[in-house]
Every structure is written in C-alpha cells, then in structure tokens.
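Shown next: final-v8.txt, containing compact mmCIF, C-alpha atoms and all ligand atoms.
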```txt
# COMPACT_ATOMS: atom_id res chain seq x y z
CA ALA A 17 38.63 94.10 72.01
CA LYS A 18 41.08 92.07 70.04
CA ARG A 19 44.69 93.03 70.51
CA SER A 20 46.84 93.47 67.45
CA GLY A 21 49.37 91.02 68.91
CA LYS A 22 51.55 90.45 65.89
CA ASP A 23 53.92 93.34 66.38
CA ARG A 24 54.27 92.91 70.10
CA ILE A 25 57.80 92.98 71.44
CA VAL A 26 59.26 91.87 74.72
CA ALA A 27 60.12 94.80 76.93
CA TYR A 28 63.62 94.18 78.22
CA SER A 29 64.71 95.79 81.41
CA PRO A 30 68.25 95.56 82.75
CA GLY A 31 68.49 92.96 85.49
CA MET A 32 66.05 90.56 83.89
CA SER A 33 67.31 87.00 84.12
CA LEU A 34 67.37 84.75 81.08
CA ALA A 35 64.50 82.75 82.60
CA GLU A 36 62.45 85.92 83.04
CA LEU A 37 63.21 86.98 79.50
CA GLN A 38 62.14 83.59 78.14
CA ASP A 39 59.01 83.69 80.29
CA ALA A 40 58.19 87.14 78.91
CA ALA A 41 58.74 86.02 75.32
CA LEU A 42 56.57 82.94 75.80
CA ARG A 43 53.93 85.05 77.50
CA ASP A 44 53.70 87.36 74.49
CA ALA A 45 53.48 84.38 72.15
CA LEU A 46 50.72 82.88 74.31
CA ARG A 47 48.80 86.15 74.34
CA THR A 48 48.88 86.21 70.54
CA ALA A 49 47.94 82.53 70.36
CA ILE A 50 44.89 83.09 72.55
CA ASP A 51 43.83 86.13 70.53
CA ASP A 52 44.20 84.16 67.31
CA ARG A 53 42.46 81.06 68.74
CA VAL A 54 45.54 78.95 68.16
CA VAL A 55 45.09 77.25 71.54
CA ARG A 56 42.75 74.37 70.78
CA LEU A 57 41.07 71.46 72.48
CA HIS A 58 41.70 67.78 72.11
CA TYR A 59 39.23 65.31 73.57
CA GLN A 60 39.90 62.10 75.47
CA PRO A 61 37.20 59.43 75.94
CA ILE A 62 35.79 58.55 79.35
CA VAL A 63 34.63 54.98 78.94
CA GLU A 64 31.95 52.93 80.67
CA LEU A 65 33.95 49.80 81.38
CA GLU A 66 31.12 47.31 81.27
CA THR A 67 29.89 48.30 77.80
CA GLY A 68 32.69 50.20 76.07
CA ARG A 69 30.30 53.10 75.62
CA VAL A 70 31.97 56.51 75.46
CA ALA A 71 30.11 58.22 78.29
CA GLY A 72 32.10 61.42 78.18
CA LEU A 73 34.99 63.34 76.69
CA GLU A 74 37.53 65.40 78.59
CA ALA A 75 38.56 68.57 76.79
CA LEU A 76 42.30 69.18 77.11
CA ALA A 77 43.99 72.35 75.90
CA ARG A 78 46.75 72.11 73.28
CA TRP A 79 49.17 74.77 72.09
CA ARG A 80 51.61 74.18 69.28
CA HIS A 81 54.17 76.97 69.23
CA GLU A 82 56.98 77.15 66.66
CA GLY A 83 56.57 73.46 65.90
CA VAL A 84 56.67 72.41 69.55
CA ASP A 85 53.75 71.20 71.65
CA VAL A 86 53.93 73.30 74.80
CA PRO A 87 52.41 71.20 77.62
CA PRO A 88 49.33 72.62 79.36
CA ASP A 89 51.18 72.16 82.65
CA VAL A 90 53.43 74.94 81.32
CA PHE A 91 51.10 77.29 79.46
CA ILE A 92 48.09 77.14 81.80
CA PRO A 93 50.13 78.42 84.78
CA LEU A 94 51.76 80.96 82.45
CA ALA A 95 48.33 82.18 81.33
CA GLU A 96 47.38 82.38 84.99
CA ARG A 97 50.44 84.50 85.88
CA SER A 98 49.83 86.73 82.87
CA GLY A 99 46.17 87.55 83.40
CA LEU A 100 45.13 85.58 80.31
CA MET A 101 42.99 82.91 81.96
CA LYS A 102 39.69 84.70 81.72
CA GLU A 103 39.82 85.01 77.94
CA LEU A 104 41.32 81.54 77.46
CA THR A 105 38.66 79.92 79.66
CA ALA A 106 35.84 81.74 77.90
CA ASP A 107 37.16 80.76 74.44
CA LEU A 108 37.74 77.10 75.34
CA LEU A 109 34.40 76.75 77.13
CA ALA A 110 32.59 78.19 74.13
CA ALA A 111 34.43 75.83 71.78
CA ALA A 112 33.71 72.79 73.95
CA CYS A 113 30.01 73.66 74.23
CA ALA A 114 29.69 74.06 70.47
CA ARG A 115 31.29 70.62 69.97
CA LEU A 116 29.12 69.08 72.66
CA ALA A 117 25.98 70.44 71.01
CA SER A 118 26.98 69.04 67.62
CA TRP A 119 27.92 65.62 69.05
CA THR A 120 24.75 65.20 71.13
CA ARG A 121 22.32 66.34 68.42
CA GLY A 122 20.20 63.32 67.43
CA ARG A 123 22.14 60.98 69.66
CA PRO A 124 19.94 58.80 71.86
CA ASP A 125 22.27 58.07 74.79
CA PRO A 126 23.75 60.75 76.98
CA LEU A 127 27.20 62.18 76.35
CA SER A 128 29.09 64.61 78.52
CA VAL A 129 31.97 66.93 77.79
CA HIS A 130 34.25 67.71 80.74
CA VAL A 131 36.00 71.07 80.78
CA ASN A 132 38.83 71.88 83.22
CA VAL A 133 38.26 75.09 85.11
CA ALA A 134 41.12 76.75 86.99
CA PRO A 135 40.40 77.77 90.59
CA SER A 136 40.74 81.46 89.78
CA GLN A 137 38.08 81.20 87.08
CA LEU A 138 35.57 79.17 89.07
CA ILE A 139 35.07 82.03 91.48
CA ALA A 140 35.70 84.88 89.02
CA PRO A 141 32.84 87.40 88.68
CA GLY A 142 30.64 86.60 85.70
CA PHE A 143 31.75 82.97 85.36
CA VAL A 144 28.34 81.47 86.14
CA ASP A 145 26.66 83.92 83.74
CA THR A 146 29.07 82.89 80.99
CA VAL A 147 28.24 79.24 81.56
CA ALA A 148 24.50 79.98 81.75
CA GLY A 149 24.69 81.79 78.41
CA LEU A 150 26.39 78.84 76.72
CA VAL A 151 23.99 76.27 78.18
CA ALA A 152 21.04 78.32 76.96
CA SER A 153 22.32 79.23 73.50
CA HIS A 154 23.35 75.65 72.70
CA ARG A 155 20.35 74.14 74.56
CA LEU A 156 22.69 71.70 76.27
CA PRO A 157 20.89 68.76 77.92
CA ALA A 158 21.09 68.75 81.72
CA GLY A 159 24.21 67.01 82.92
CA SER A 160 25.96 67.09 79.56
CA LEU A 161 28.39 69.86 80.44
CA VAL A 162 30.65 68.89 83.33
CA LEU A 163 33.22 71.21 84.86
CA GLU A 164 36.30 69.67 86.45
CA ILE A 165 37.61 71.57 89.44
CA THR A 166 40.40 70.82 91.88
CA GLU A 167 40.49 70.78 95.64
CA SER A 168 42.71 73.85 95.64
CA GLY A 169 39.90 75.60 93.79
CA ILE A 170 37.42 74.62 96.46
CA PHE A 171 39.55 75.56 99.41
CA ALA A 172 40.83 78.88 98.07
CA ASP A 173 37.49 80.41 99.06
CA LEU A 174 35.17 77.76 100.41
CA ASP A 175 32.01 79.85 100.60
CA ALA A 176 32.43 81.32 97.13
CA ALA A 177 33.16 77.87 95.70
CA ARG A 178 30.13 76.31 97.34
CA ARG A 179 27.88 79.11 96.09
CA THR A 180 29.25 78.81 92.58
CA VAL A 181 28.99 75.03 92.48
CA THR A 182 25.41 75.22 93.74
CA GLU A 183 24.52 77.78 91.06
CA LEU A 184 26.13 75.64 88.36
CA ARG A 185 24.17 72.61 89.53
CA GLY A 186 21.04 74.73 89.30
CA LEU A 187 21.82 75.29 85.61
CA GLY A 188 22.07 71.54 85.05
CA VAL A 189 25.86 71.71 84.84
CA GLY A 190 27.77 68.86 86.47
CA VAL A 191 30.75 69.47 88.71
CA SER A 192 33.46 66.87 89.11
CA LEU A 193 36.35 66.98 91.57
CA ASP A 194 39.61 66.44 89.68
CA ASP A 195 42.68 64.73 91.15
CA PHE A 196 40.66 63.26 94.02
CA GLY A 197 42.78 61.72 96.75
CA VAL A 198 45.81 63.93 96.19
CA GLY A 199 44.82 66.68 98.58
CA TYR A 200 42.79 65.21 101.41
CA SER A 201 42.60 68.67 102.95
CA SER A 202 39.33 68.35 104.77
CA LEU A 203 36.89 65.59 104.03
CA ALA A 204 34.15 67.24 106.06
CA GLN A 205 34.29 70.31 103.84
CA LEU A 206 34.52 68.23 100.69
CA ASN A 207 31.47 66.34 101.81
CA ALA A 208 29.50 69.59 102.09
CA MET A 209 30.23 70.45 98.45
CA PRO A 210 27.43 69.44 96.03
CA LEU A 211 29.61 67.46 93.60
CA ASP A 212 28.46 65.00 90.92
CA SER A 213 31.53 62.81 90.67
CA VAL A 214 35.23 62.54 91.45
CA LYS A 215 38.21 61.70 89.28
CA ILE A 216 40.84 59.55 90.91
CA ASP A 217 44.27 60.88 90.11
CA ARG A 218 46.47 58.65 87.99
CA SER A 219 49.14 58.54 90.70
CA PHE A 220 46.81 56.14 92.55
CA LEU A 221 46.79 53.79 89.59
CA ALA A 222 50.45 53.92 88.69
CA GLY A 223 51.74 50.83 90.50
CA VAL A 224 48.57 48.96 91.38
CA ASP A 225 49.33 45.96 89.19
CA THR A 226 52.79 45.42 90.68
CA ASP A 227 52.67 46.77 94.22
CA ARG A 228 50.18 45.51 96.79
CA ARG A 229 50.42 48.62 98.93
CA GLN A 230 49.45 50.76 95.94
CA ALA A 231 46.46 48.52 95.31
CA THR A 232 45.41 48.91 98.95
CA PHE A 233 45.62 52.68 98.58
CA LEU A 234 43.49 52.67 95.44
CA HIS A 235 40.94 50.47 97.19
CA ALA A 236 40.76 52.91 100.10
CA VAL A 237 40.25 55.94 97.85
CA LEU A 238 37.55 54.15 95.85
CA ARG A 239 35.76 53.12 99.03
CA LEU A 240 35.96 56.66 100.34
CA ALA A 241 34.30 58.01 97.19
CA GLU A 242 31.63 55.36 97.45
CA GLU A 243 30.95 56.25 101.06
CA ILE A 244 30.56 59.93 100.20
CA GLY A 245 28.18 58.68 97.51
CA LEU A 246 30.11 59.95 94.50
CA PRO A 247 30.57 58.12 91.20
CA VAL A 248 34.21 57.70 90.20
CA VAL A 249 36.23 58.09 87.02
CA ALA A 250 39.67 56.48 87.26
CA GLU A 251 42.34 58.39 85.34
CA GLY A 252 45.55 57.24 83.70
CA VAL A 253 44.72 53.64 82.77
CA GLU A 254 47.63 52.41 80.67
CA ARG A 255 47.70 48.63 81.19
CA PRO A 256 45.07 45.87 81.07
CA ALA A 257 46.01 44.72 84.58
CA GLN A 258 44.98 48.11 85.94
CA LEU A 259 41.59 47.71 84.28
CA THR A 260 41.15 44.26 85.74
CA LEU A 261 41.76 45.59 89.22
CA LEU A 262 39.47 48.59 88.73
CA ARG A 263 36.68 46.29 87.62
CA ALA A 264 37.24 44.02 90.61
CA LEU A 265 36.98 47.05 92.89
CA GLY A 266 33.69 48.13 91.32
CA CYS A 267 34.90 51.19 89.41
CA ARG A 268 32.59 51.79 86.44
CA HIS A 269 34.26 54.57 84.41
CA ALA A 270 37.85 55.06 83.35
CA GLN A 271 40.06 57.14 81.15
CA GLY A 272 43.60 56.61 79.93
CA TYR A 273 45.92 55.88 77.03
CA LEU A 274 44.83 52.22 77.03
CA LEU A 275 41.25 53.29 76.26
CA GLY A 276 42.04 56.25 74.05
CA ARG A 277 44.44 59.16 73.85
CA PRO A 278 43.31 62.77 73.62
CA VAL A 279 42.53 63.38 69.92
CA ASP A 280 41.42 66.16 67.63
CA ALA A 281 37.69 66.89 67.59
CA ALA A 282 37.47 65.62 64.02
CA GLU A 283 38.24 62.10 65.25
CA ILE A 284 35.52 62.03 67.90
CA PRO A 285 32.43 61.03 65.85
CA ALA A 286 34.17 57.76 64.93
CA LEU A 287 34.65 56.99 68.64
CA LEU A 288 31.08 57.67 69.69
CA GLY A 289 29.89 54.24 68.60
CA GLY A 290 31.90 52.82 71.51
CA ILE A 291 35.32 51.31 71.86
CA ALA A 292 36.60 47.80 72.41
CA VAL A 293 37.68 47.66 76.03
CA PRO A 294 40.66 45.32 76.50
P1 LIG A 301 44.23 66.75 84.23
O1 LIG A 301 42.99 67.57 84.22
O2 LIG A 301 44.43 65.83 85.39
O3 LIG A 301 44.21 65.94 82.85
C1 LIG A 301 44.65 64.62 82.69
C2 LIG A 301 46.04 64.58 82.09
O4 LIG A 301 46.49 63.23 82.02
C3 LIG A 301 46.10 65.11 80.66
O5 LIG A 301 47.38 65.71 80.50
C4 LIG A 301 46.00 63.83 79.84
O6 LIG A 301 46.50 63.97 78.53
C5 LIG A 301 46.84 62.92 80.68
N1 LIG A 301 46.54 61.49 80.48
C6 LIG A 301 45.40 60.92 80.07
N2 LIG A 301 45.52 59.57 80.06
C7 LIG A 301 46.77 59.30 80.47
C8 LIG A 301 47.50 58.06 80.65
O7 LIG A 301 47.01 56.96 80.45
N3 LIG A 301 48.80 58.17 81.08
C9 LIG A 301 49.38 59.39 81.32
N4 LIG A 301 50.65 59.39 81.74
N5 LIG A 301 48.70 60.56 81.15
C10 LIG A 301 47.42 60.51 80.74
P2 LIG A 301 47.55 67.10 79.74
O8 LIG A 301 46.62 67.16 78.57
O9 LIG A 301 49.01 67.27 79.50
O10 LIG A 301 47.04 68.15 80.81
C11 LIG A 301 47.75 68.35 82.01
C12 LIG A 301 46.96 69.22 82.95
O11 LIG A 301 46.83 70.55 82.43
C13 LIG A 301 45.54 68.74 83.19
O12 LIG A 301 45.54 67.70 84.14
C14 LIG A 301 44.89 70.01 83.68
O13 LIG A 301 45.17 70.21 85.05
C15 LIG A 301 45.61 71.07 82.87
N6 LIG A 301 44.76 71.45 81.71
C16 LIG A 301 44.68 70.89 80.48
N7 LIG A 301 43.79 71.53 79.71
C17 LIG A 301 43.26 72.52 80.47
C18 LIG A 301 42.28 73.55 80.25
O14 LIG A 301 41.66 73.67 79.18
N8 LIG A 301 42.02 74.39 81.30
C19 LIG A 301 42.67 74.30 82.50
N9 LIG A 301 42.34 75.17 83.46
N10 LIG A 301 43.58 73.34 82.74
C20 LIG A 301 43.88 72.47 81.74
CA CA A 302 40.46 86.76 71.70
CA CA A 303 40.89 67.14 84.41
CA CA A 304 43.15 64.76 86.82
```

Just give me the structure as structure tokens.
Amino acid sequence: AKRSGKDRIVAYSPGMSLAELQDAALRDALRTAIDDRVVRLHYQPIVELETGRVAGLEALARWRHEGVDVPPDVFIPLAERSGLMKELTADLLAAACARLASWTRGRPDPLSVHVNVAPSQLIAPGFVDTVAGLVASHRLPAGSLVLEITESGIFADLDAARRTVTELRGLGVGVSLDDFGVGYSSLAQLNAMPLDSVKIDRSFLAGVDTDRRQATFLHAVLRLAEEIGLPVVAEGVERPAQLTLLRALGCRHAQGYLLGRPVDAAEIPALLGGIAVP
C-alpha cells in the first residue's frame, strides 16, 4: 500500500538531540522519496580493457533532496535504520531489470547490469522469489543480471548467504563480491561461496602509480582472486598510470571516473558502442 507521505510530520519528543531530529526529518523525506520513486539509478560502465567494450553497468542509487544530492553512503544506511530497504531494493531492482531488458534487446554481445544488494536484503525472506519474478518477466539472459554483495553480507549468516547465492546462481543470476580485499575475514569460507567475480576496492588502487608498496598490495590481491579462480573488476580507476599497471598485472575489467562516471540511464545507449580506453 502506498503511504500518503506528503503530510507526514516529524514527531518531536523532549530530549531528542538536534542530530536525532535531523535524522528523523531526513528519514521522513526519504520515506516519501521512495514512495514517489524519486530515488533513481545512475549507471557506470564496466569496461573490458583490451577492447573498450562496455561489458557491464553498475547501477548506483541517487537521491536529490531539496536541491542537494544526498550521497548513498548517507541515505542507504538511513533507509536500513528506518526499515525502508525492502521497498527501496525491490523498486531499484525492478527499474534496473527493465533497463537491462531494453538495453540487451537485439544486442549481439552480452551486457550485464550490476545491482548492489545490502546484506539485510540478500537473506530477507522472499528476496530470491522477487529476483526470480523479474528474471522471468523480463526474460533476462543468463548472467546478465549480477548482484553485488559485500563480505559483511556473507558473514552475517553464512549458511543463509550460501543458500541464497546458490539459488540465485540457479536462476542464472550472477553474484559478485564487492569491496574484495577490504575484509579478509576468512578466505576458506569465501572460497566455499559460489561467486562469479570479485570487485577490487578502489582503496587498493589509490596510490599504485606512486607508491611501490601499494602496487605490491594490489598485485597480491589480484593474484589471490586468480588463485580462487574468480574474474576481477578493478574499481576506482582515475588515472592512466593505474590502467597501465592493471593491464600489466593481467586485470581485464575496470571501472572508474577515467573510463566513465555514473550517468543517467538516458545516456547509456550512446556508450554501448564502446569507449575509447586511454
Ligand atoms: P560501491 O558499491 O563500492 O560503489 C562504487 C562507488 O565508487 C560509487 O559511489 C561510485 O560512484 C564511486 N566511484 C566510481 N568510480 C570512481 C572513481 O574513479 N573514483 C572515486 N573516488 N569514486 C568512484 P556512490 O555512487 O557514492 O555509492 C557509494 C556506495 O553506496 C556504494 O559503494 C554502495 O555500497 C552504496 N550504494 C549505492 N547505490 C546502492 C544501491 O542501490 N543499493 C545499495 N544497497 N547500496 C548502494
Ligand atoms: Ca512505493
Ligand atoms: Ca558496488
Ligand atoms: Ca565497491
């Protein structure tokens, strides 16, 4: 049921701090924004370095509130604290799948759309059914929908996560481990998870062109992924020197401002012919 939203007011109780009051006001605004589908997706290209082909697009949530872009690092945790993630995830997943279907129709080479899924949603009841419904109704080609999950999502409830990931794989949905290398909680358990790929966090790329120790670290993380047998997407490529190093280390896919910023869906068809890789 859709909430009326518009006339919602913040309930003030004595003893509320200013921060709490602001949090409550923002939460009400976010609730309305989700109801009104004001939270939207931008898409950032994931590029095959050798060819410049756009192999995939990462969907990233955007919320413009009172003329200000509220960062997802702020409103996603707020949605989480406020019990809004289920609806937000369902809406964004549906939107991403509809875009994916329209972009892949009649296109000869494969294209994937990556959707970020919060740990709480991955193991929420009904999540796999929701995904199955979208895959079926849009007739999405196997492997074209990829869900990005984090290590914290896996380790919150290892058995539930493994079951869910296995079911998703059974639907032809890819699962990619986001922010790989940041957690390192337990490699043995990671290894037992049926993943399709890993995304190397941009912190591993930050200083690689200026600091040898950073480059050694990146090399180690890339080799680790290779040994587990997982394809890698390197995140946060901003400078040509980072690309040069990634290529030298055998990394085939990358994402970052140098290759393309997250953009509105309307701009995506123009990118699908490929981009000039510096
Ligand atoms: P993430 O999944 O690791 O997404 C990558 C972030 O890096 C995005 O930030 C992207 O805009 C940014 N980025 C891409 N290339 C570069 C670069 O070259 N340099 C730098 N400095 N940054 C780059 P964004 O869009 O602000 O999202 C932040 C985080 O919020 C995401 O991190 C993800 O954890 C979360 N998020 C975003 N959208 C969603 C969503 O729809 N659902 C959920 N659950 N989380 C989301
Ligand atoms: Ca709604
Ligand atoms: Ca991500
Ligand atoms: Ca990431």

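In terms of minimum interatomic distance to ligand CA 303 (chain A), A:Val133 ranks closest within A:Leu46, A:Val133, A:Leu109, A:Ala41, counting all atoms listed in the file.
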
Please provide the set of residues having any atom within 9 Å of Leu150 (chain A), restricted to all atoms listed in the file, with same-chain residues fewer than 6 positions apart removed, written as an mmCIF file with C-alpha atoms, keeping the file's coordinate frame.
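Done, and the output landed in around-v6.cif:
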```cif
data_model
loop_
_atom_site.group_PDB
_atom_site.id
_atom_site.type_symbol
_atom_site.label_atom_id
_atom_site.label_comp_id
_atom_site.auth_asym_id
_atom_site.auth_seq_id
_atom_site.Cartn_x
_atom_site.Cartn_y
_atom_site.Cartn_z
ATOM 1 C CA LEU A 109 34.400 76.750 77.130
ATOM 2 C CA ALA A 110 32.590 78.190 74.130
ATOM 3 C CA CYS A 113 30.010 73.660 74.230
ATOM 4 C CA ALA A 114 29.690 74.060 70.470
ATOM 5 C CA LEU A 156 22.690 71.700 76.270
#
```

Which residues are near ligand CA 302 (chain A) in this structure, taking near to mean any atom at most 10 Å from a ligand atom and counting all atoms listed in the file? Format them as a PDB file with C-alpha atoms, in the coordinates of the input.
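Final output, saved to selection.pdb:
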```pdb
ATOM      1  CA  ALA A  17      38.630  94.100  72.010  1.00  0.00           C
ATOM      2  CA  LYS A  18      41.080  92.070  70.040  1.00  0.00           C
ATOM      3  CA  ARG A  19      44.690  93.030  70.510  1.00  0.00           C
ATOM      4  CA  ARG A  47      48.800  86.150  74.340  1.00  0.00           C
ATOM      5  CA  THR A  48      48.880  86.210  70.540  1.00  0.00           C
ATOM      6  CA  ALA A  49      47.940  82.530  70.360  1.00  0.00           C
ATOM      7  CA  ILE A  50      44.890  83.090  72.550  1.00  0.00           C
ATOM      8  CA  ASP A  51      43.830  86.130  70.530  1.00  0.00           C
ATOM      9  CA  ASP A  52      44.200  84.160  67.310  1.00  0.00           C
ATOM     10  CA  ARG A  53      42.460  81.060  68.740  1.00  0.00           C
ATOM     11  CA  VAL A  54      45.540  78.950  68.160  1.00  0.00           C
ATOM     12  CA  LEU A 100      45.130  85.580  80.310  1.00  0.00           C
ATOM     13  CA  GLU A 103      39.820  85.010  77.940  1.00  0.00           C
ATOM     14  CA  LEU A 104      41.320  81.540  77.460  1.00  0.00           C
ATOM     15  CA  ALA A 106      35.840  81.740  77.900  1.00  0.00           C
ATOM     16  CA  ASP A 107      37.160  80.760  74.440  1.00  0.00           C
TER      17      ASP A 107
END
```

Shortest contact to ligand CA 304 (chain A), candidates A:Thr120, A:Thr146, A:Ser192, A:Gln38, atoms counted all atoms listed in the file, goes to A:Ser192

Write out as a PyMOL selection string each polymer residue (protein, DNA or RNA) that has an atom no more than 9 Å from ligand LIG 301 (chain A), with all atoms listed in the file counted. chain A and resi 56-60+74-78+87-93+96+101+104-105+108-109+131-135+137+164-166+194-195+215+217-218+222+251-255+271-278

Ranking A:Asp173, A:Glu66, A:Asp125, A:Asp44 by minimum distance to Gly266 (chain A) and counting only C-alpha atoms, which one comes first? A:Glu66

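Using all atoms listed in the file, the smallest distance between any of A:Ala292, A:Asp39, A:Leu221, A:Gly188 and Ala152 (chain A) comes from A:Gly188.
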
Near-Ala117 (chain A) list (12 Å; only C-alpha atoms; drop same-chain fewer than 3 positions) as a PyMOL selection string: chain A and resi 110-114+120-123+126-129+150-158+160-161

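What separates CA of Ile244 (chain A) from CA of Ala257 (chain A) is a distance of 26.7 Å.
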
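Between CA of Phe220 (chain A) and CA of His235 (chain A) lies a distance of 9.4 Å.
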